[in-house]
$ cat my_file_10.pdb   # PDB, C-alpha atoms and all ligand atoms
ATOM      1  CA  MET W   6     -24.178   2.655  11.822  1.00  0.00           C
ATOM      2  CA  ALA W   7     -23.818   2.955   8.067  1.00  0.00           C
ATOM      3  CA  ASP W   8     -23.707   6.358   6.349  1.00  0.00           C
ATOM      4  CA  PRO W   9     -25.119   6.441   2.771  1.00  0.00           C
ATOM      5  CA  VAL W  10     -21.801   5.618   1.038  1.00  0.00           C
ATOM      6  CA  THR W  11     -20.985   2.780   3.440  1.00  0.00           C
ATOM      7  CA  ALA W  12     -24.514   1.422   2.936  1.00  0.00           C
ATOM      8  CA  GLU W  13     -23.962   1.481  -0.841  1.00  0.00           C
ATOM      9  CA  ILE W  14     -20.672  -0.406  -0.491  1.00  0.00           C
ATOM     10  CA  LEU W  15     -22.346  -2.983   1.762  1.00  0.00           C
ATOM     11  CA  ASP W  16     -25.052  -3.413  -0.876  1.00  0.00           C
ATOM     12  CA  ALA W  17     -22.380  -3.966  -3.528  1.00  0.00           C
ATOM     13  CA  THR W  18     -20.660  -6.625  -1.401  1.00  0.00           C
ATOM     14  CA  ARG W  19     -24.013  -8.339  -0.813  1.00  0.00           C
ATOM     15  CA  ARG W  20     -24.382  -8.804  -4.560  1.00  0.00           C
ATOM     16  CA  MET W  21     -21.252 -10.964  -4.512  1.00  0.00           C
ATOM     17  CA  ASP W  22     -20.713 -14.376  -2.988  1.00  0.00           C
ATOM     18  CA  HIS W  23     -18.614 -13.549   0.086  1.00  0.00           C
ATOM     19  CA  ARG W  24     -16.838 -16.908  -0.141  1.00  0.00           C
ATOM     20  CA  ASP W  25     -15.561 -15.860  -3.561  1.00  0.00           C
ATOM     21  CA  LEU W  26     -14.768 -12.230  -2.749  1.00  0.00           C
ATOM     22  CA  MET W  27     -11.128 -11.225  -2.323  1.00  0.00           C
ATOM     23  CA  VAL W  28     -10.439  -8.094  -0.276  1.00  0.00           C
ATOM     24  CA  PHE W  29      -7.252  -6.119  -0.932  1.00  0.00           C
ATOM     25  CA  LEU W  30      -6.396  -3.603   1.785  1.00  0.00           C
ATOM     26  CA  ASP W  31      -3.640  -1.025   1.786  1.00  0.00           C
ATOM     27  CA  TYR W  32      -2.134  -0.518   5.266  1.00  0.00           C
ATOM     28  CA  ASP W  33      -0.832   3.034   5.966  1.00  0.00           C
ATOM     29  CA  GLY W  34      -3.580   5.644   5.803  1.00  0.00           C
ATOM     30  CA  THR W  35      -6.197   2.972   5.044  1.00  0.00           C
ATOM     31  CA  LEU W  36      -6.176   0.804   8.183  1.00  0.00           C
ATOM     32  CA  THR W  37      -4.089   3.166  10.323  1.00  0.00           C
ATOM     33  CA  GLN W  38      -3.408   6.853  10.634  1.00  0.00           C
ATOM     34  CA  ILE W  39      -0.481   8.259   8.623  1.00  0.00           C
ATOM     35  CA  MET W  40       2.327   8.745  11.131  1.00  0.00           C
ATOM     36  CA  PRO W  41       5.282  11.167  11.094  1.00  0.00           C
ATOM     37  CA  LYS W  42       7.644   8.158  10.939  1.00  0.00           C
ATOM     38  CA  PRO W  43       6.741   4.896   9.127  1.00  0.00           C
ATOM     39  CA  SER W  44       7.929   2.827  12.123  1.00  0.00           C
ATOM     40  CA  LEU W  45       5.303   4.488  14.346  1.00  0.00           C
ATOM     41  CA  ALA W  46       2.296   3.142  12.394  1.00  0.00           C
ATOM     42  CA  THR W  47       2.068   0.022  14.567  1.00  0.00           C
ATOM     43  CA  PRO W  48      -1.362  -1.655  14.643  1.00  0.00           C
ATOM     44  CA  ASP W  49      -3.442  -1.019  17.756  1.00  0.00           C
ATOM     45  CA  GLY W  50      -5.328  -3.815  19.508  1.00  0.00           C
ATOM     46  CA  ASP W  51      -8.605  -2.927  17.779  1.00  0.00           C
ATOM     47  CA  LEU W  52      -7.058  -3.276  14.350  1.00  0.00           C
ATOM     48  CA  LYS W  53      -5.412  -6.577  15.213  1.00  0.00           C
ATOM     49  CA  SER W  54      -8.668  -8.145  16.376  1.00  0.00           C
ATOM     50  CA  LEU W  55     -10.655  -6.586  13.519  1.00  0.00           C
ATOM     51  CA  LEU W  56      -8.251  -7.978  10.907  1.00  0.00           C
ATOM     52  CA  ALA W  57      -8.240 -11.413  12.526  1.00  0.00           C
ATOM     53  CA  GLU W  58     -12.022 -11.552  12.483  1.00  0.00           C
ATOM     54  CA  PHE W  59     -12.366 -10.025   9.018  1.00  0.00           C
ATOM     55  CA  SER W  60      -9.875 -12.381   7.412  1.00  0.00           C
ATOM     56  CA  GLY W  61     -11.779 -15.293   8.974  1.00  0.00           C
ATOM     57  CA  LYS W  62     -14.759 -14.336   6.853  1.00  0.00           C
ATOM     58  CA  PHE W  63     -13.199 -12.853   3.703  1.00  0.00           C
ATOM     59  CA  THR W  64     -10.062 -13.797   1.810  1.00  0.00           C
ATOM     60  CA  THR W  65      -7.901 -10.833   2.776  1.00  0.00           C
ATOM     61  CA  VAL W  66      -4.663  -9.585   1.231  1.00  0.00           C
ATOM     62  CA  ILE W  67      -2.699  -6.638   2.636  1.00  0.00           C
ATOM     63  CA  VAL W  68      -1.266  -4.574  -0.236  1.00  0.00           C
ATOM     64  CA  THR W  69       1.526  -2.198   0.707  1.00  0.00           C
ATOM     65  CA  GLY W  70       4.560  -0.288  -0.470  1.00  0.00           C
ATOM     66  CA  ARG W  71       6.322  -1.472   2.672  1.00  0.00           C
ATOM     67  CA  THR W  72       8.749  -4.370   2.731  1.00  0.00           C
ATOM     68  CA  LEU W  73       7.438  -7.806   3.602  1.00  0.00           C
ATOM     69  CA  GLU W  74       9.529  -7.831   6.799  1.00  0.00           C
ATOM     70  CA  ASP W  75       8.047  -4.497   7.835  1.00  0.00           C
ATOM     71  CA  ILE W  76       4.443  -5.534   7.438  1.00  0.00           C
ATOM     72  CA  ARG W  77       5.017  -8.928   9.041  1.00  0.00           C
ATOM     73  CA  ASP W  78       6.683  -7.190  12.002  1.00  0.00           C
ATOM     74  CA  PHE W  79       3.429  -5.282  12.411  1.00  0.00           C
ATOM     75  CA  LEU W  80       0.851  -7.973  11.674  1.00  0.00           C
ATOM     76  CA  GLY W  81       2.634 -11.310  11.996  1.00  0.00           C
ATOM     77  CA  ASP W  82       2.747 -14.090   9.416  1.00  0.00           C
ATOM     78  CA  ALA W  83      -0.940 -14.910   9.281  1.00  0.00           C
ATOM     79  CA  TYR W  84      -1.952 -12.604   6.438  1.00  0.00           C
ATOM     80  CA  SER W  85      -1.376 -12.860   2.729  1.00  0.00           C
ATOM     81  CA  CYS W  86       0.465  -9.786   1.594  1.00  0.00           C
ATOM     82  CA  ILE W  87       1.521  -8.007  -1.596  1.00  0.00           C
ATOM     83  CA  ALA W  88       4.592  -5.975  -0.630  1.00  0.00           C
ATOM     84  CA  LEU W  89       6.935  -3.430  -2.227  1.00  0.00           C
ATOM     85  CA  HIS W  90       4.160  -1.927  -4.378  1.00  0.00           C
ATOM     86  CA  GLY W  91       3.422  -5.235  -6.107  1.00  0.00           C
ATOM     87  CA  SER W  92       6.912  -6.783  -6.328  1.00  0.00           C
ATOM     88  CA  LEU W  93       6.422  -9.640  -3.855  1.00  0.00           C
ATOM     89  CA  TYR W  94       3.454 -11.811  -2.917  1.00  0.00           C
ATOM     90  CA  TYR W  95       3.513 -13.698   0.380  1.00  0.00           C
ATOM     91  CA  HIS W  96       0.865 -16.375   0.873  1.00  0.00           C
ATOM     92  CA  ASP W  97       0.581 -19.845   2.412  1.00  0.00           C
ATOM     93  CA  GLY W  98       4.062 -19.498   3.881  1.00  0.00           C
ATOM     94  CA  SER W  99       5.889 -18.833   0.617  1.00  0.00           C
ATOM     95  CA  ILE W 100       7.089 -15.754  -1.233  1.00  0.00           C
ATOM     96  CA  GLU W 101       6.451 -15.227  -4.936  1.00  0.00           C
ATOM     97  CA  ASP W 102       8.652 -12.725  -6.806  1.00  0.00           C
ATOM     98  CA  LEU W 103       6.119 -10.893  -8.995  1.00  0.00           C
ATOM     99  CA  SER W 104       8.817  -8.535 -10.314  1.00  0.00           C
ATOM    100  CA  GLY W 105      10.871 -11.476 -11.548  1.00  0.00           C
ATOM    101  CA  ARG W 106      14.110  -9.638 -10.648  1.00  0.00           C
ATOM    102  CA  ILE W 107      13.983  -8.863  -6.952  1.00  0.00           C
ATOM    103  CA  GLN W 108      17.593  -9.939  -6.259  1.00  0.00           C
ATOM    104  CA  GLU W 109      18.975  -7.674  -8.942  1.00  0.00           C
ATOM    105  CA  TYR W 110      16.899  -4.706  -7.800  1.00  0.00           C
ATOM    106  CA  SER W 111      17.791  -5.345  -4.183  1.00  0.00           C
ATOM    107  CA  ARG W 112      21.472  -4.956  -5.123  1.00  0.00           C
ATOM    108  CA  ILE W 113      20.755  -1.787  -7.110  1.00  0.00           C
ATOM    109  CA  THR W 114      18.824  -0.149  -4.271  1.00  0.00           C
ATOM    110  CA  SER W 115      21.570  -0.983  -1.773  1.00  0.00           C
ATOM    111  CA  THR W 116      24.026   0.765  -4.104  1.00  0.00           C
ATOM    112  CA  ILE W 117      21.774   3.819  -4.401  1.00  0.00           C
ATOM    113  CA  PHE W 118      21.253   3.914  -0.629  1.00  0.00           C
ATOM    114  CA  GLY W 119      24.970   3.596   0.100  1.00  0.00           C
ATOM    115  CA  SER W 120      26.054   6.261  -2.348  1.00  0.00           C
ATOM    116  CA  CYS W 121      23.302   8.787  -1.604  1.00  0.00           C
ATOM    117  CA  LYS W 122      23.211   8.938   2.195  1.00  0.00           C
ATOM    118  CA  PHE W 123      24.742  12.448   1.886  1.00  0.00           C
ATOM    119  CA  LEU W 124      21.316  13.652   0.709  1.00  0.00           C
ATOM    120  CA  GLU W 125      20.098  13.439   4.321  1.00  0.00           C
ATOM    121  CA  LYS W 126      22.631  16.178   5.188  1.00  0.00           C
ATOM    122  CA  ARG W 127      21.719  18.249   2.168  1.00  0.00           C
ATOM    123  CA  PHE W 128      17.993  17.992   2.934  1.00  0.00           C
ATOM    124  CA  PRO W 129      17.757  18.181   6.761  1.00  0.00           C
ATOM    125  CA  GLY W 130      14.712  16.347   8.148  1.00  0.00           C
ATOM    126  CA  MET W 131      14.570  13.926   5.213  1.00  0.00           C
ATOM    127  CA  VAL W 132      15.193  10.273   6.147  1.00  0.00           C
ATOM    128  CA  MET W 133      16.184   7.518   3.680  1.00  0.00           C
ATOM    129  CA  TYR W 134      15.302   3.832   3.946  1.00  0.00           C
ATOM    130  CA  ASP W 135      16.724   0.951   1.911  1.00  0.00           C
ATOM    131  CA  LYS W 136      13.787  -1.353   1.213  1.00  0.00           C
ATOM    132  CA  HIS W 137      15.895  -3.876  -0.712  1.00  0.00           C
ATOM    133  CA  GLY W 138      13.855  -3.370  -3.842  1.00  0.00           C
ATOM    134  CA  GLY W 139      13.233   0.371  -3.447  1.00  0.00           C
ATOM    135  CA  VAL W 140      14.722   3.405  -1.732  1.00  0.00           C
ATOM    136  CA  LEU W 141      12.304   5.527   0.257  1.00  0.00           C
ATOM    137  CA  PHE W 142      12.846   9.229   0.944  1.00  0.00           C
ATOM    138  CA  HIS W 143      10.559  10.277   3.802  1.00  0.00           C
ATOM    139  CA  HIS W 144      10.291  14.070   3.897  1.00  0.00           C
ATOM    140  CA  ILE W 145       7.475  15.022   6.307  1.00  0.00           C
ATOM    141  CA  ALA W 146       9.980  16.802   8.609  1.00  0.00           C
ATOM    142  CA  MET W 147      11.847  18.610   5.811  1.00  0.00           C
ATOM    143  CA  ASN W 148      11.533  22.281   4.810  1.00  0.00           C
ATOM    144  CA  PRO W 149       8.755  22.112   2.152  1.00  0.00           C
ATOM    145  CA  ALA W 150      10.533  24.764   0.068  1.00  0.00           C
ATOM    146  CA  LEU W 151      13.251  22.187  -0.686  1.00  0.00           C
ATOM    147  CA  ILE W 152      10.867  19.510  -1.996  1.00  0.00           C
ATOM    148  CA  PRO W 153      11.253  20.439  -5.702  1.00  0.00           C
ATOM    149  CA  ASP W 154      15.065  20.175  -5.374  1.00  0.00           C
ATOM    150  CA  LEU W 155      14.779  16.803  -3.635  1.00  0.00           C
ATOM    151  CA  GLN W 156      12.395  15.555  -6.306  1.00  0.00           C
ATOM    152  CA  GLN W 157      14.789  16.604  -9.067  1.00  0.00           C
ATOM    153  CA  GLU W 158      17.609  14.782  -7.317  1.00  0.00           C
ATOM    154  CA  ILE W 159      15.606  11.559  -6.901  1.00  0.00           C
ATOM    155  CA  GLN W 160      14.245  11.644 -10.452  1.00  0.00           C
ATOM    156  CA  GLY W 161      17.866  11.905 -11.617  1.00  0.00           C
ATOM    157  CA  LEU W 162      18.787   8.851  -9.528  1.00  0.00           C
ATOM    158  CA  ALA W 163      15.839   6.866 -10.911  1.00  0.00           C
ATOM    159  CA  ARG W 164      16.948   7.642 -14.476  1.00  0.00           C
ATOM    160  CA  GLU W 165      20.594   6.840 -13.748  1.00  0.00           C
ATOM    161  CA  TYR W 166      19.814   3.418 -12.258  1.00  0.00           C
ATOM    162  CA  GLY W 167      16.919   2.427 -14.532  1.00  0.00           C
ATOM    163  CA  MET W 168      14.350   2.617 -11.722  1.00  0.00           C
ATOM    164  CA  SER W 169      10.904   4.272 -11.585  1.00  0.00           C
ATOM    165  CA  PHE W 170      10.211   7.468  -9.687  1.00  0.00           C
ATOM    166  CA  TYR W 171       7.166   7.525  -7.408  1.00  0.00           C
ATOM    167  CA  ARG W 172       5.726  10.295  -5.251  1.00  0.00           C
ATOM    168  CA  GLY W 173       3.160   9.628  -2.492  1.00  0.00           C
ATOM    169  CA  LYS W 174       2.074  11.239   0.781  1.00  0.00           C
ATOM    170  CA  ASN W 175       5.207  12.687   2.443  1.00  0.00           C
ATOM    171  CA  VAL W 176       7.380  10.251   0.517  1.00  0.00           C
ATOM    172  CA  MET W 177       9.263   9.900  -2.711  1.00  0.00           C
ATOM    173  CA  GLU W 178      10.714   6.650  -3.854  1.00  0.00           C
ATOM    174  CA  VAL W 179      12.795   4.978  -6.510  1.00  0.00           C
ATOM    175  CA  ARG W 180      11.098   1.687  -7.132  1.00  0.00           C
ATOM    176  CA  ILE W 181      11.250  -1.328  -9.406  1.00  0.00           C
ATOM    177  CA  PRO W 182      10.074  -0.435 -12.913  1.00  0.00           C
ATOM    178  CA  GLY W 183       7.118  -2.230 -14.446  1.00  0.00           C
ATOM    179  CA  ILE W 184       5.472  -3.195 -11.164  1.00  0.00           C
ATOM    180  CA  ASP W 185       2.414  -1.652  -9.549  1.00  0.00           C
ATOM    181  CA  LYS W 186      -0.342  -2.627  -7.143  1.00  0.00           C
ATOM    182  CA  GLY W 187      -2.888  -2.841  -9.974  1.00  0.00           C
ATOM    183  CA  THR W 188      -1.051  -5.453 -12.016  1.00  0.00           C
ATOM    184  CA  ALA W 189      -0.186  -7.450  -8.894  1.00  0.00           C
ATOM    185  CA  ILE W 190      -3.799  -7.487  -7.672  1.00  0.00           C
ATOM    186  CA  ARG W 191      -5.106  -8.524 -11.099  1.00  0.00           C
ATOM    187  CA  LYS W 192      -2.678 -11.418 -11.109  1.00  0.00           C
ATOM    188  CA  VAL W 193      -3.384 -12.521  -7.538  1.00  0.00           C
ATOM    189  CA  ARG W 194      -7.175 -12.341  -7.769  1.00  0.00           C
ATOM    190  CA  ASN W 195      -7.132 -14.265 -11.022  1.00  0.00           C
ATOM    191  CA  GLY W 196     -10.698 -13.403 -12.022  1.00  0.00           C
ATOM    192  CA  HIS W 197     -12.193 -13.468  -8.518  1.00  0.00           C
ATOM    193  CA  PRO W 198     -14.530 -10.609  -7.574  1.00  0.00           C
ATOM    194  CA  ALA W 199     -12.623  -8.086  -5.481  1.00  0.00           C
ATOM    195  CA  MET W 200     -12.892  -5.175  -3.108  1.00  0.00           C
ATOM    196  CA  ILE W 201      -9.860  -2.859  -3.124  1.00  0.00           C
ATOM    197  CA  ALA W 202      -9.248  -0.028  -0.642  1.00  0.00           C
ATOM    198  CA  GLY W 203      -6.413   2.491  -0.477  1.00  0.00           C
ATOM    199  CA  ASP W 204      -5.570   6.118   0.206  1.00  0.00           C
ATOM    200  CA  ASP W 205      -2.569   7.057  -1.910  1.00  0.00           C
ATOM    201  CA  ALA W 206      -1.452   7.587  -5.515  1.00  0.00           C
ATOM    202  CA  THR W 207      -0.192   4.013  -5.788  1.00  0.00           C
ATOM    203  CA  ASP W 208      -3.693   2.724  -4.933  1.00  0.00           C
ATOM    204  CA  GLU W 209      -5.090   4.648  -7.894  1.00  0.00           C
ATOM    205  CA  GLU W 210      -3.127   2.258 -10.113  1.00  0.00           C
ATOM    206  CA  ALA W 211      -4.976  -0.584  -8.397  1.00  0.00           C
ATOM    207  CA  PHE W 212      -8.369   1.060  -8.991  1.00  0.00           C
ATOM    208  CA  VAL W 213      -7.699   1.766 -12.671  1.00  0.00           C
ATOM    209  CA  ALA W 214      -6.384  -1.745 -13.402  1.00  0.00           C
ATOM    210  CA  ASN W 215      -9.401  -3.373 -11.702  1.00  0.00           C
ATOM    211  CA  PRO W 216     -12.421  -1.343 -12.852  1.00  0.00           C
ATOM    212  CA  GLU W 217     -14.919  -4.152 -12.212  1.00  0.00           C
ATOM    213  CA  ALA W 218     -13.886  -4.391  -8.529  1.00  0.00           C
ATOM    214  CA  ILE W 219     -15.524  -2.544  -5.625  1.00  0.00           C
ATOM    215  CA  THR W 220     -12.912   0.212  -5.355  1.00  0.00           C
ATOM    216  CA  ILE W 221     -12.713   2.490  -2.305  1.00  0.00           C
ATOM    217  CA  HIS W 222     -10.618   5.615  -1.925  1.00  0.00           C
ATOM    218  CA  VAL W 223      -9.880   6.377   1.730  1.00  0.00           C
ATOM    219  CA  GLY W 224      -9.581  10.164   1.998  1.00  0.00           C
ATOM    220  CA  ASN W 225     -10.864  13.316   0.362  1.00  0.00           C
ATOM    221  CA  ASN W 226      -8.732  13.537  -2.746  1.00  0.00           C
ATOM    222  CA  GLU W 227      -9.770  13.204  -6.362  1.00  0.00           C
ATOM    223  CA  SER W 228      -9.881   9.478  -7.128  1.00  0.00           C
ATOM    224  CA  SER W 229     -10.820   7.029  -9.831  1.00  0.00           C
ATOM    225  CA  ALA W 230     -12.281   4.678  -7.195  1.00  0.00           C
ATOM    226  CA  ARG W 231     -16.018   3.966  -7.334  1.00  0.00           C
ATOM    227  CA  TYR W 232     -16.511   5.011  -3.695  1.00  0.00           C
ATOM    228  CA  SER W 233     -14.801   7.433  -1.305  1.00  0.00           C
ATOM    229  CA  ILE W 234     -14.874   7.254   2.485  1.00  0.00           C
ATOM    230  CA  PRO W 235     -13.210   9.844   4.724  1.00  0.00           C
ATOM    231  CA  ASP W 236     -10.551   8.001   6.723  1.00  0.00           C
ATOM    232  CA  TYR W 237      -9.200   4.801   8.301  1.00  0.00           C
ATOM    233  CA  ARG W 238     -11.927   4.910  10.973  1.00  0.00           C
ATOM    234  CA  ALA W 239     -14.604   4.778   8.273  1.00  0.00           C
ATOM    235  CA  MET W 240     -12.706   1.875   6.685  1.00  0.00           C
ATOM    236  CA  ARG W 241     -12.649  -0.042   9.965  1.00  0.00           C
ATOM    237  CA  ASN W 242     -16.352   0.691  10.445  1.00  0.00           C
ATOM    238  CA  LEU W 243     -17.092  -0.729   6.982  1.00  0.00           C
ATOM    239  CA  MET W 244     -15.094  -3.866   7.767  1.00  0.00           C
ATOM    240  CA  ARG W 245     -16.949  -4.309  11.065  1.00  0.00           C
ATOM    241  CA  LEU W 246     -20.308  -3.957   9.265  1.00  0.00           C
ATOM    242  CA  MET W 247     -19.222  -6.488   6.614  1.00  0.00           C
ATOM    243  CA  ILE W 248     -18.370  -8.976   9.362  1.00  0.00           C
ATOM    244  CA  ASP W 249     -21.749  -8.475  11.049  1.00  0.00           C
ATOM    245  CA  ASP W 250     -23.515  -8.724   7.693  1.00  0.00           C
ATOM    246  CA  ILE W 251     -22.766 -12.376   7.011  1.00  0.00           C
TER     247      ILE W 251
HETATM  248 MG    MG W 301      -1.543   4.059   2.061  1.00  0.00          MG
END

$ encode --input "my_file_10.pdb" --output "structure tokens" --more "lines below"
Ligand SMILES: [Mg+2]
Amino acid sequence: MADPVTAEILDATRRMDHRDLMVFLDYDGTLTQIMPKPSLATPDGDLKSLLAEFSGKFTTVIVTGRTLEDIRDFLGDAYSCIALHGSLYYHDGSIEDLSGRIQEYSRITSTIFGSCKFLEKRFPGMVMYDKHGGVLFHHIAMNPALIPDLQQEIQGLAREYGMSFYRGKNVMEVRIPGIDKGTAIRKVRNGHPAMIAGDDATDEEAFVANPEAITIHVGNNESSARYSIPDYRAMRNLMRLMIDDI
């Protein structure tokens, strides 16, 4: 069944040649529920079979802030993937460094991670991850009153090491400067018509940089996407309807 917004999106996809359409899908919060720990957001059987079928009909690229290893642990090697917020592009068995300096930034983030582990003691409940090209501070279990202090600390680190500060759902991050999902998607799609779906602040960059694409915000927040659907279930429903439509 298609609600009015889903029907509109289906109509928009019908106006494009599906063989030419590239579909860019965020993972966490878009294809799966947001989980209290990133490692818990494993794909269920339904998602695995849906993605396999969907990518058989549409050129599909997973676009995530996660590391390449992380997303391949979840989904295997079969899918093209833009990882680390647009820093790396994995396709046809090879990895392209879209940041141009991944080795250097991997060293920098290991330094930050090693020298700042004490922050986990100072902010109980917060967990740090070295993404080898970003440091993630996951704070869903932390006292919310301490979030401004944590943010100040991380913004200071980003400045000190010449990295960018990013804040998303339950996470803050120092990440590689000059990269974002929007620029990466523009480069990868190389003029092809596109559908782009995501739920978080970093996906807004993708929507803004690709205004001619079919852009879909997954969630109920303010968004610059052309369409909004409520949650990952609605996203999966749309994908199922797109499969049945061609
Ligand atoms: Mg997301």

$ resolve_selection --input "my_file_10.pdb" --expression "the PyMOL selection byres (((chain W and resi 42-50) around 12) and not hetatm)" --output "VMD selection string"
chain W and resid 32 to 41 51 to 57 70 to 72 75 to 81 130 to 134 141 to 146 174 to 176 237

$ resolve_selection --input "my_file_10.pdb" --expression "the PyMOL selection byres (((chain W and resi 225) around 10) and not hetatm)" --output "NGL selection string"
:W and (204 or 222-224 or 226-228 or 233-236)

$ resolve_selection --input "my_file_10.pdb" --expression "the PyMOL selection byres (((chain W and resi 230) around 8) and not hetatm)" --output "PDB file with C-alpha atoms, in the coordinates of the input"
ATOM      1  CA  GLU W 209      -5.090   4.648  -7.894  1.00  0.00           C
ATOM      2  CA  PHE W 212      -8.369   1.060  -8.991  1.00  0.00           C
ATOM      3  CA  VAL W 213      -7.699   1.766 -12.671  1.00  0.00           C
ATOM      4  CA  THR W 220     -12.912   0.212  -5.355  1.00  0.00           C
ATOM      5  CA  ILE W 221     -12.713   2.490  -2.305  1.00  0.00           C
ATOM      6  CA  HIS W 222     -10.618   5.615  -1.925  1.00  0.00           C
ATOM      7  CA  SER W 228      -9.881   9.478  -7.128  1.00  0.00           C
ATOM      8  CA  SER W 229     -10.820   7.029  -9.831  1.00  0.00           C
ATOM      9  CA  ARG W 231     -16.018   3.966  -7.334  1.00  0.00           C
ATOM     10  CA  TYR W 232     -16.511   5.011  -3.695  1.00  0.00           C
ATOM     11  CA  SER W 233     -14.801   7.433  -1.305  1.00  0.00           C
TER      12      SER W 233
END

$ residues_around --input "my_file_10.pdb" --residues "W:Asp250" --least-positions-apart "5" --cutoff "9 Å" --atoms "only C-alpha atoms" --output "number ranges by chain"
W: 15, 19, 245

$ residues_around --input "my_file_10.pdb" --residues "W:Ala150" --least-positions-apart "6" --cutoff "12 Å" --atoms "only C-alpha atoms" --output "compact mmCIF listing (two decimals) with C-alpha atoms, keeping the file's coordinate frame"
# COMPACT_ATOMS: atom_id res chain seq x y z
CA PHE W 128 17.99 17.99 2.93
CA PRO W 129 17.76 18.18 6.76
CA HIS W 144 10.29 14.07 3.90
CA GLN W 156 12.40 15.56 -6.31

$ closest_residue --input "my_file_10.pdb" --among "W:Thr69, W:Asn148, W:Ser111, W:Thr64" --to "ligand MG 301 (chain W)" --atoms "all atoms listed in the file"
W:Thr69

$ closest_residue --input "my_file_10.pdb" --among "W:Arg191, W:Arg180, W:His90, W:Lys62" --to "ligand MG 301 (chain W)" --atoms "only C-alpha atoms and all ligand atoms"
W:His90

$ closest_residue --input "my_file_10.pdb" --among "W:Ile159, W:His137, W:Asn215, W:Glu210" --to "W:His197" --atoms "all atoms listed in the file"
W:Asn215

$ residues_around --input "my_file_10.pdb" --residues "stretch 169-173 of chain W" --least-positions-apart "4" --cutoff "8 Å" --atoms "all atoms listed in the file" --output "JSON, numbers by chain"
{"W": [159, 160, 163, 164, 177, 178, 179, 180, 181, 182, 205, 206, 207]}

$ closest_residue --input "my_file_10.pdb" --among "W:Thr11, W:Ser85, W:Thr18, W:Ser92" --to "W:Asn242" --atoms "all atoms listed in the file"
W:Thr11

$ axis_aligned_box --input "my_file_10.pdb" --around "stretch 96-112 of chain W" --padding-each-side "6 Å" --output "JSON"
{"center_x": 11.0, "center_y": -12.3, "center_z": -3.8, "size_x": 32.9, "size_y": 27.1, "size_z": 27.4}

$ atom_distance --input "my_file_10.pdb" --atom1 "atom CA of W:Ile113" --atom2 "atom CA of W:Val68"
23.2 Å

$ closest_residue --input "my_file_10.pdb" --among "W:Val10, W:Ala199, W:Ile67, W:Cys86" --to "W:Glu217" --atoms "all atoms listed in the file"
W:Ala199

$ closest_residue --input "my_file_10.pdb" --among "W:Met147, W:Leu30, W:Met200, W:Ile100" --to "ligand MG 301 (chain W)" --atoms "only C-alpha atoms and all ligand atoms"
W:Leu30

$ atom_distance --input "my_file_10.pdb" --atom1 "atom CA of W:Ile190" --atom2 "atom CA of W:Arg20"
20.9 Å

$ atom_distance --input "my_file_10.pdb" --atom1 "atom CA of W:Asp82" --atom2 "atom CA of W:Ala214"
27.5 Å

$ build_atoms --input "my_file_10.pdb" --residues "stretch 128-140 of chain W" --atoms "N, CA and C atoms" --output "CSV table (one decimal), in the coordinates of the input"
chain,number,residue,atom,x,y,z
W,128,PHE,N,19.4,17.7,2.7
W,128,PHE,CA,18.0,18.0,2.9
W,128,PHE,C,17.6,17.6,4.4
W,129,PRO,N,18.0,18.5,5.3
W,129,PRO,CA,17.8,18.2,6.8
W,129,PRO,C,16.3,17.8,7.0
W,130,GLY,N,16.1,16.8,7.8
W,130,GLY,CA,14.7,16.3,8.1
W,130,GLY,C,14.3,15.2,7.3
W,131,MET,N,14.9,15.0,6.1
W,131,MET,CA,14.6,13.9,5.2
W,131,MET,C,15.3,12.7,5.7
W,132,VAL,N,14.6,11.5,5.7
W,132,VAL,CA,15.2,10.3,6.1
W,132,VAL,C,15.1,9.2,5.0
W,133,MET,N,16.2,8.5,4.7
W,133,MET,CA,16.2,7.5,3.7
W,133,MET,C,16.1,6.1,4.3
W,134,TYR,N,15.4,5.2,3.5
W,134,TYR,CA,15.3,3.8,3.9
W,134,TYR,C,15.6,2.9,2.7
W,135,ASP,N,16.5,2.0,3.0
W,135,ASP,CA,16.7,1.0,1.9
W,135,ASP,C,15.7,-0.2,2.1
W,136,LYS,N,14.8,-0.3,1.1
W,136,LYS,CA,13.8,-1.4,1.2
W,136,LYS,C,14.2,-2.6,0.5
W,137,HIS,N,15.4,-2.7,0.0
W,137,HIS,CA,15.9,-3.9,-0.7
W,137,HIS,C,14.9,-4.2,-1.9
W,138,GLY,N,14.8,-3.3,-2.7
W,138,GLY,CA,13.9,-3.4,-3.8
W,138,GLY,C,13.2,-2.0,-4.0
W,139,GLY,N,13.7,-1.0,-3.4
W,139,GLY,CA,13.2,0.4,-3.4
W,139,GLY,C,14.0,1.2,-2.4
W,140,VAL,N,14.2,2.5,-2.7
W,140,VAL,CA,14.7,3.4,-1.7
W,140,VAL,C,13.7,4.5,-1.4
